Amino acid sequence: MARQEALHPAHTLDISSALPAAAASRPRTAGSERWLIWLFLLPTVLFLVLLLWLPFLQGVWMSFHKWPFIGEPQWIGLQNYRDLFGAAYFWTTMRVTLLYSLSTALQLALALGAALVLNQSFIRLKSVWRGVMLMPYAMPPVVVGAIWMYLLDPDLGMVTHYLLSWGIISKPIYWFSDPVWAKWIIMLVASWTFWPFMFIILLAALQAIPESYYELAEVYGANPWRRFRAVTLPHIRGAMLAAVIIRIAWNLAKIEQPFQLTGGGPGYETSVLSILTYRFAYLSGDFGMAFTVGLLLILVTFVLIAPFLRGFQKQIKQARRR
Amino acid sequence: MDLNGRYSRRDFVAMTAGLAAMGLTTSLTPDLLHAQAGSDLKGVTIVYWNMIGVQNPIVKRLSASIIKAFEQRTGAKVKTTWDTYGSIIGPKYRTNFVAGKIPTVFDGSNRWSGQLRSFLRPMNDFIATLDPETHAGIAWLLPLVEHQNRGYPDADQIYDLPFTLIPQAPFVTRLDHWEQAGLDFDSNWPIRDTEHLVEVLTALRSVTEYPYEVYGKIWDAGDTQLNGWVRSLDIPNSDFINDDWSRSTCDSDAWITAVQFYIDLYRKYGFSSPNTPQSTDEGAVEQLIRGQKSLVHADILNRGTIMRRMRRGIQDGTIQWGPHCPMAGGTTGSTAFLAMSSFSITRQEGPDAAIQEAAAWEFIKEWLMPENQIALAKSSGLCARRDLWEDLKGAPDRYIEAVTSMLDNPGVWSNHVKSVDIQYNLFAPHIQQAMQGNDVTHELRAYAAEVNKIL
């Protein structure tokens with residue numbers, strides 16, 4: 001402390017006499033600052049309340065109504081929930097939604113692999129590769145869906161053509177008509193489209209790890225796998241968790257590609273909850289039911305991201321302790 | 001065209017030559033463009049949302065020329081928005097109407113407009129003023145429109161006036177495949193009933209692996225050939241909902257029999273491709289053009305595609321259209337449902353309301369003119385005016401003969417507020433489940449229960 005004071009003698013001076021009287025008055029300053037903080041927060045709070053929380057609460061209210069697009073709403077209590085839980089298609093939809101959320105794992109694997117490779121010092125033209133890898137994410141999802149529709153077309157598509165010519169399949173596969181293939185295809189296309197988002201986050205986290213950590217690990221004789229576990233993973237865990245949380249939430253709300261590729265069919269086999277919400281809201285004009293499905297979608301999303309959120313909070317606490 | 005946007009004779013000749021080159025021997029003439037100058041609507045602007053058929057460039061161009069002719073005839077201005085079917089089936093029209101963005105006049109299908117009925121203006125008073133010839137030509141459709149709207153207290157009010165028709169659904173076939181299969185066309189055409197259909201398809205399988213297609217995609221499963229088969233067995237139960245709109249008819253014996261046959265064509269006989277749960281008539285017509293199909297059901301809007309891609313096939317008679325067939329044992333004599341493209345006028349408010357509505361009606365009349373009706377019939381469905389059908393017959397592919405022969409006592413789909421749900425959203429998933437092997441009766445009962453819940 002004495003050394004510090006010696007280094008920074010100003011810290012020991014009473015500077016209050018040099019300040020204007022008003023600024024020197026602590027309680028008044030604190031009050032003004034608090035007021036200013038609230039003033040700055042107000043637009044955001046207003047934005048959140050008016051555009052997020054009020055519509056959300058109205059949605060909850062609407063889910064207890066038969067709420068046609070044109071016409072008067074009618075209170076029906078829990079009937080929408082009863083109808084939904086009693087419908088066989090709802091459970092198919094739930095199953096598909098949970099399966100679809102697994103595409104996040106695939107996206108993470110792709111992103112991590114690519115980020116690790118691109119973070120190596122021997123890779124040349126890194127910015128070019130980064131650009132190439134970001135391309136699927138930069139394209140509008142509907143365009144990506146259209147491209148895949150043509151690629152996978154059983155009669156004209158390049159994928160079928162090569163699979164047939166290489167003898168991997170003997171007959172064209174009708175990817176979008178077969179319930180099993182259709183599920184895999186929407187997962188694969190979603191993964192292909194959205195993995196660059198995770199890639200860019202993980203790459204940034206990897207680049208922030210000081211090279212000296214790896215050098216030290218190498219001095220202690222750590223092999224690449226050990227270096228990955230002891231150095232890389234702890235440093236990118238926070239970024240990974242954040243990316244996974246965002247992607248799960250976004251994946252579950254995505255509608256363009258499954259709707260475009262399969263229309264939710266065959267049957268309800270690829271109707272994720274967001275497609276069901278869209279169907280009720282925009283095709284059937286049944287907003288009460290749409291909000292019921294929407295609320296369940298929020299619930300499912302929350303349940304799926306809760307463990308990752310907990311992990312993320314743990315990371316933050318650990319970082320603070322450090 | 002001059003600086004004021006008027007057509008010169010040379011422009012007109014160029015335009016009609018262009019249309020003719022694309023397959024439309026439209027009989028729009030310079031005289032038509034400047035004739036009937038009786039209506040003076042100078043200074044009036046109407047907003048028109050145009051969706052029927054305009055995805056096809058030929059139809060879009062024809063539509064533009066009719067609009068132009070109307071503007072020149074009357075002096076009115078038309079602000080046109082090109083649109084798609086999805087807009088009226090989906091949320092766009094509903095949302096815009098509720099938000100107050102409403103056209104003066106729009107076209108659509110009159111089985112989807114029930115949801116917008118409160119915004120529309122009845123046209124009975126206008127219809128009564130039609131010239132006798134035009135009135136006689138469309139009068140046969142008015143009871144059908146009333147029947148479509150039978151569940152509304154004002155069913156006798158005409159809110160949608162048909163201008164083209166799409167009888168669902170004729171056969172279209174390739175004669176060269178019949179020759180390759182050794183089938184005698186003259187003795188086997190038109191197809192007599194579903195048993196005969198199976199015989200013919202069995203023979204055609206020697207030419208194409210999947211000679212036929214059953215449609216599972218949401219917009220085609222309950223919209224093409226299936227309903228005609230139900231109707232051939234049981235007219236009262238052939239629409240998706242019953243006469244007083246109180247319950248679904250789809251758990252009836254006729255429905256179960258017809259849907260079972262529909263699924264059998266795919267699963268039992270194997271005539272339809274593995275893509276069946278996602279297939280459409282537009283896709284099947286593409287395959288027919290490529291020689292991968294031999295005989296399919298397709299609405300006549302597909303003729304535009306065939307004209308564009310296989311003109312020679314139409315001219316030399318390789319492409320042939322034929323009427324839909326009844327189910328074996330179906331004795332009702334009716335095998336078709338009639339989809340109609342129609343115009344609606346929205347209720348106008350304010351001091352200009354009357355002139356706006358009158359202008360909209362004048363615009364509709366433009367589309368009912370014989371020349372325009374005949375031009376429309378060549379690319380965007382059969383014309384609504386029955387008196388003109390004879391003039392259209394004689395094309396080598398016999399498409400007019402095929403579709404007009406289906407129109408004795410046709411069925412019409414209800415224009416219920418929930419018709420899109422009933423006919424498409426709720427129906428297709430059950431048909432697709434049946435295509436996966438689920439029990440047809442079980443699926444139809446489940447579907448009927450869902451419909452009953454929303455009625």
# chains A, B, ... in the order shown; residues from 1 in each chain; ligands from 1
call {"tool": "closest_atom_pairs", "arguments": {"of": "chain A", "to": "chain B", "cutoff": "9 Å", "atoms": "only C-alpha atoms", "output": "Markdown table"}}
result
| residue | atom | partner | partner_atom | distance |
| --- | --- | --- | --- | --- |
| A:Phe69 | CA | B:Arg94 | CA | 7.9 |
| A:Ile70 | CA | B:Val98 | CA | 7.5 |
| A:Pro154 | CA | B:Asn275 | CA | 8.4 |
| A:Ile173 | CA | B:Pro274 | CA | 8.2 |
| A:Tyr174 | CA | B:Asn275 | CA | 5.6 |
| A:Trp175 | CA | B:Asn275 | CA | 8.4 |
| A:Phe176 | CA | B:Gln278 | CA | 7.1 |
| A:Ser177 | CA | B:Asn275 | CA | 5.4 |
| A:Asp178 | CA | B:Asn275 | CA | 8.0 |
| A:Pro179 | CA | B:Gln436 | CA | 8.4 |
| A:Thr262 | CA | B:Gln278 | CA | 7.5 |
| A:Gly263 | CA | B:Ile218 | CA | 8.0 |
| A:Gly264 | CA | B:Pro429 | CA | 8.8 |
| A:Gly265 | CA | B:Pro429 | CA | 6.8 |
| A:Pro266 | CA | B:Gln432 | CA | 5.4 |
| A:Gly267 | CA | B:Pro429 | CA | 3.8 |
| A:Tyr268 | CA | B:Pro429 | CA | 6.2 |
| A:Arg279 | CA | B:Asn425 | CA | 7.7 |
| A:Ala281 | CA | B:Pro91 | CA | 8.2 |
| A:Tyr282 | CA | B:Pro91 | CA | 4.8 |
| A:Leu283 | CA | B:Gly90 | CA | 5.0 |
| A:Ser284 | CA | B:Asp421 | CA | 5.7 |
| A:Gly285 | CA | B:Pro91 | CA | 7.6 |
call {"tool": "residues_around", "arguments": {"residues": "Thr249 (chain B)", "least_positions_apart": "6", "cutoff": "9 Å", "atoms": "only C-alpha atoms", "output": "VMD selection string"}}
result
chain B and resid 236 to 242 255 448
call {"tool": "select_by_dssp", "arguments": {"residues": "region 76-192 of chain B", "states": "helix (DSSP H, G or I)", "output": "MDAnalysis selection string"}}
result
chainID B and resid 85:89 92:98 114:119 124:127 132:148 175:181 185:188
call {"tool": "write_last_selection", "arguments": {"atoms": "C-alpha atoms", "output": "JSON list (two decimals), in the first residue's frame"}}
result
[["chain", "number", "residue", "atom", "x", "y", "z"],
["B", 85, "TYR", "CA", -52.82, -18.19, -54.67],
["B", 86, "GLY", "CA", -50.91, -18.41, -51.42],
["B", 87, "SER", "CA", -52.01, -14.89, -50.56],
["B", 88, "ILE", "CA", -55.69, -15.75, -50.31],
["B", 89, "ILE", "CA", -55.14, -19.26, -48.97],
["B", 92, "LYS", "CA", -51.90, -12.03, -46.67],
["B", 93, "TYR", "CA", -55.39, -11.08, -47.83],
["B", 94, "ARG", "CA", -56.94, -11.57, -44.39],
["B", 95, "THR", "CA", -54.27, -9.46, -42.72],
["B", 96, "ASN", "CA", -54.46, -6.70, -45.30],
["B", 97, "PHE", "CA", -58.24, -6.57, -45.25],
["B", 98, "VAL", "CA", -58.37, -6.32, -41.47],
["B", 114, "GLY", "CA", -65.87, -16.95, -47.30],
["B", 115, "GLN", "CA", -63.33, -15.61, -44.82],
["B", 116, "LEU", "CA", -63.55, -12.19, -46.53],
["B", 117, "ARG", "CA", -67.32, -12.15, -47.06],
["B", 118, "SER", "CA", -67.95, -9.32, -44.61],
["B", 119, "PHE", "CA", -65.77, -7.04, -46.75],
["B", 124, "ASN", "CA", -76.84, -9.18, -57.92],
["B", 125, "ASP", "CA", -77.90, -5.68, -58.98],
["B", 126, "PHE", "CA", -74.97, -5.42, -61.35],
["B", 127, "ILE", "CA", -75.49, -8.92, -62.75],
["B", 132, "PRO", "CA", -78.76, -10.81, -72.35],
["B", 133, "GLU", "CA", -76.09, -12.74, -74.21],
["B", 134, "THR", "CA", -73.50, -12.50, -71.44],
["B", 135, "HIS", "CA", -76.12, -13.11, -68.78],
["B", 136, "ALA", "CA", -77.29, -16.25, -70.54],
["B", 137, "GLY", "CA", -73.70, -17.39, -70.82],
["B", 138, "ILE", "CA", -73.01, -17.27, -67.09],
["B", 139, "ALA", "CA", -76.51, -17.79, -65.62],
["B", 140, "TRP", "CA", -75.93, -21.52, -65.23],
["B", 141, "LEU", "CA", -73.18, -20.80, -62.71],
["B", 142, "LEU", "CA", -75.22, -18.64, -60.35],
["B", 143, "PRO", "CA", -77.10, -21.53, -58.65],
["B", 144, "LEU", "CA", -73.76, -23.27, -58.16],
["B", 145, "VAL", "CA", -72.34, -20.16, -56.48],
["B", 146, "GLU", "CA", -75.41, -19.98, -54.26],
["B", 147, "HIS", "CA", -74.96, -23.64, -53.37],
["B", 148, "GLN", "CA", -71.35, -23.02, -52.41],
["B", 175, "LEU", "CA", -50.56, -41.19, -77.29],
["B", 176, "ASP", "CA", -47.02, -42.34, -78.14],
["B", 177, "HIS", "CA", -46.94, -44.32, -74.89],
["B", 178, "TRP", "CA", -50.20, -46.03, -75.79],
["B", 179, "GLU", "CA", -48.68, -47.06, -79.11],
["B", 180, "GLN", "CA", -45.54, -48.37, -77.40],
["B", 181, "ALA", "CA", -47.68, -50.32, -74.94],
["B", 185, "PHE", "CA", -56.49, -45.69, -78.05],
["B", 186, "ASP", "CA", -59.80, -45.42, -79.87],
["B", 187, "SER", "CA", -61.39, -48.36, -78.08],
["B", 188, "ASN", "CA", -59.96, -47.44, -74.66]]
call {"tool": "residues_around", "arguments": {"residues": "Leu134 (chain A)", "least_positions_apart": "2", "cutoff": "12 Å", "atoms": "only C-alpha atoms", "output": "PDB file with N, CA and C atoms, in the first residue's frame"}}
result
ATOM      1  N   ALA A 111     -18.973 -26.834 -36.359  1.00  0.00           N
ATOM      2  CA  ALA A 111     -18.385 -25.523 -36.072  1.00  0.00           C
ATOM      3  C   ALA A 111     -17.082 -25.679 -35.313  1.00  0.00           C
ATOM      4  N   ALA A 114     -14.307 -27.123 -37.620  1.00  0.00           N
ATOM      5  CA  ALA A 114     -13.822 -26.122 -38.583  1.00  0.00           C
ATOM      6  C   ALA A 114     -13.032 -25.023 -37.891  1.00  0.00           C
ATOM      7  N   ALA A 115     -13.502 -24.593 -36.723  1.00  0.00           N
ATOM      8  CA  ALA A 115     -12.812 -23.509 -36.005  1.00  0.00           C
ATOM      9  C   ALA A 115     -11.430 -23.972 -35.549  1.00  0.00           C
ATOM     10  N   SER A 127      -8.619 -15.749 -44.160  1.00  0.00           N
ATOM     11  CA  SER A 127      -9.809 -14.908 -44.342  1.00  0.00           C
ATOM     12  C   SER A 127     -10.667 -15.427 -45.493  1.00  0.00           C
ATOM     13  N   VAL A 128     -10.020 -15.999 -46.502  1.00  0.00           N
ATOM     14  CA  VAL A 128     -10.781 -16.576 -47.624  1.00  0.00           C
ATOM     15  C   VAL A 128     -11.613 -17.757 -47.128  1.00  0.00           C
ATOM     16  N   TRP A 129     -10.953 -18.628 -46.366  1.00  0.00           N
ATOM     17  CA  TRP A 129     -11.660 -19.802 -45.844  1.00  0.00           C
ATOM     18  C   TRP A 129     -12.821 -19.395 -44.935  1.00  0.00           C
ATOM     19  N   ARG A 130     -12.549 -18.381 -44.108  1.00  0.00           N
ATOM     20  CA  ARG A 130     -13.617 -17.892 -43.219  1.00  0.00           C
ATOM     21  C   ARG A 130     -14.822 -17.437 -44.048  1.00  0.00           C
ATOM     22  N   GLY A 131     -14.531 -16.712 -45.120  1.00  0.00           N
ATOM     23  CA  GLY A 131     -15.606 -16.226 -45.994  1.00  0.00           C
ATOM     24  C   GLY A 131     -16.375 -17.367 -46.614  1.00  0.00           C
ATOM     25  N   VAL A 132     -15.638 -18.374 -47.072  1.00  0.00           N
ATOM     26  CA  VAL A 132     -16.279 -19.534 -47.707  1.00  0.00           C
ATOM     27  C   VAL A 132     -17.196 -20.235 -46.708  1.00  0.00           C
ATOM     28  N   PRO A 136     -22.997 -20.247 -46.322  1.00  0.00           N
ATOM     29  CA  PRO A 136     -24.358 -20.776 -46.112  1.00  0.00           C
ATOM     30  C   PRO A 136     -25.183 -19.893 -45.172  1.00  0.00           C
ATOM     31  N   TYR A 137     -24.517 -19.328 -44.179  1.00  0.00           N
ATOM     32  CA  TYR A 137     -25.235 -18.506 -43.204  1.00  0.00           C
ATOM     33  C   TYR A 137     -25.604 -17.152 -43.793  1.00  0.00           C
ATOM     34  N   ALA A 138     -24.793 -16.707 -44.769  1.00  0.00           N
ATOM     35  CA  ALA A 138     -25.057 -15.395 -45.369  1.00  0.00           C
ATOM     36  C   ALA A 138     -26.222 -15.454 -46.350  1.00  0.00           C
ATOM     37  N   MET A 139     -26.519 -16.647 -46.839  1.00  0.00           N
ATOM     38  CA  MET A 139     -27.617 -16.764 -47.812  1.00  0.00           C
ATOM     39  C   MET A 139     -28.955 -16.804 -47.086  1.00  0.00           C
ATOM     40  N   TRP A 192     -26.396 -27.485 -41.978  1.00  0.00           N
ATOM     41  CA  TRP A 192     -25.535 -26.910 -43.023  1.00  0.00           C
ATOM     42  C   TRP A 192     -25.707 -25.392 -43.093  1.00  0.00           C
ATOM     43  N   THR A 193     -26.929 -24.933 -42.887  1.00  0.00           N
ATOM     44  CA  THR A 193     -27.195 -23.494 -43.005  1.00  0.00           C
ATOM     45  C   THR A 193     -26.662 -22.720 -41.801  1.00  0.00           C
ATOM     46  N   PHE A 194     -26.827 -23.277 -40.608  1.00  0.00           N
ATOM     47  CA  PHE A 194     -26.618 -22.456 -39.416  1.00  0.00           C
ATOM     48  C   PHE A 194     -25.326 -22.724 -38.657  1.00  0.00           C
ATOM     49  N   TRP A 195     -24.561 -23.750 -39.072  1.00  0.00           N
ATOM     50  CA  TRP A 195     -23.338 -24.017 -38.307  1.00  0.00           C
ATOM     51  C   TRP A 195     -22.349 -22.857 -38.352  1.00  0.00           C
ATOM     52  N   PRO A 196     -22.279 -22.035 -39.432  1.00  0.00           N
ATOM     53  CA  PRO A 196     -21.283 -20.957 -39.429  1.00  0.00           C
ATOM     54  C   PRO A 196     -21.473 -19.958 -38.288  1.00  0.00           C
ATOM     55  N   PHE A 197     -22.700 -19.819 -37.798  1.00  0.00           N
ATOM     56  CA  PHE A 197     -22.926 -18.904 -36.675  1.00  0.00           C
ATOM     57  C   PHE A 197     -22.094 -19.359 -35.470  1.00  0.00           C
ATOM     58  N   MET A 198     -22.161 -20.653 -35.196  1.00  0.00           N
ATOM     59  CA  MET A 198     -21.376 -21.188 -34.072  1.00  0.00           C
ATOM     60  C   MET A 198     -19.888 -21.136 -34.393  1.00  0.00           C
ATOM     61  N   PHE A 199     -19.577 -21.391 -35.636  1.00  0.00           N
ATOM     62  CA  PHE A 199     -18.184 -21.406 -36.076  1.00  0.00           C
ATOM     63  C   PHE A 199     -17.516 -20.062 -35.790  1.00  0.00           C
ATOM     64  N   ILE A 200     -18.188 -18.987 -36.129  1.00  0.00           N
ATOM     65  CA  ILE A 200     -17.566 -17.668 -35.988  1.00  0.00           C
ATOM     66  C   ILE A 200     -17.385 -17.305 -34.506  1.00  0.00           C
ATOM     67  N   ILE A 201     -18.344 -17.727 -33.672  1.00  0.00           N
ATOM     68  CA  ILE A 201     -18.217 -17.467 -32.230  1.00  0.00           C
ATOM     69  C   ILE A 201     -17.051 -18.272 -31.650  1.00  0.00           C
ATOM     70  N   LEU A 203     -14.493 -19.565 -33.248  1.00  0.00           N
ATOM     71  CA  LEU A 203     -13.212 -19.120 -33.794  1.00  0.00           C
ATOM     72  C   LEU A 203     -12.704 -17.888 -33.039  1.00  0.00           C
TER      73      LEU A 203
END
call {"tool": "atom_distance", "arguments": {"atom1": "CA of Arg229 (chain A)", "atom2": "CA of Ser101 (chain A)"}}
result
26.0 Å
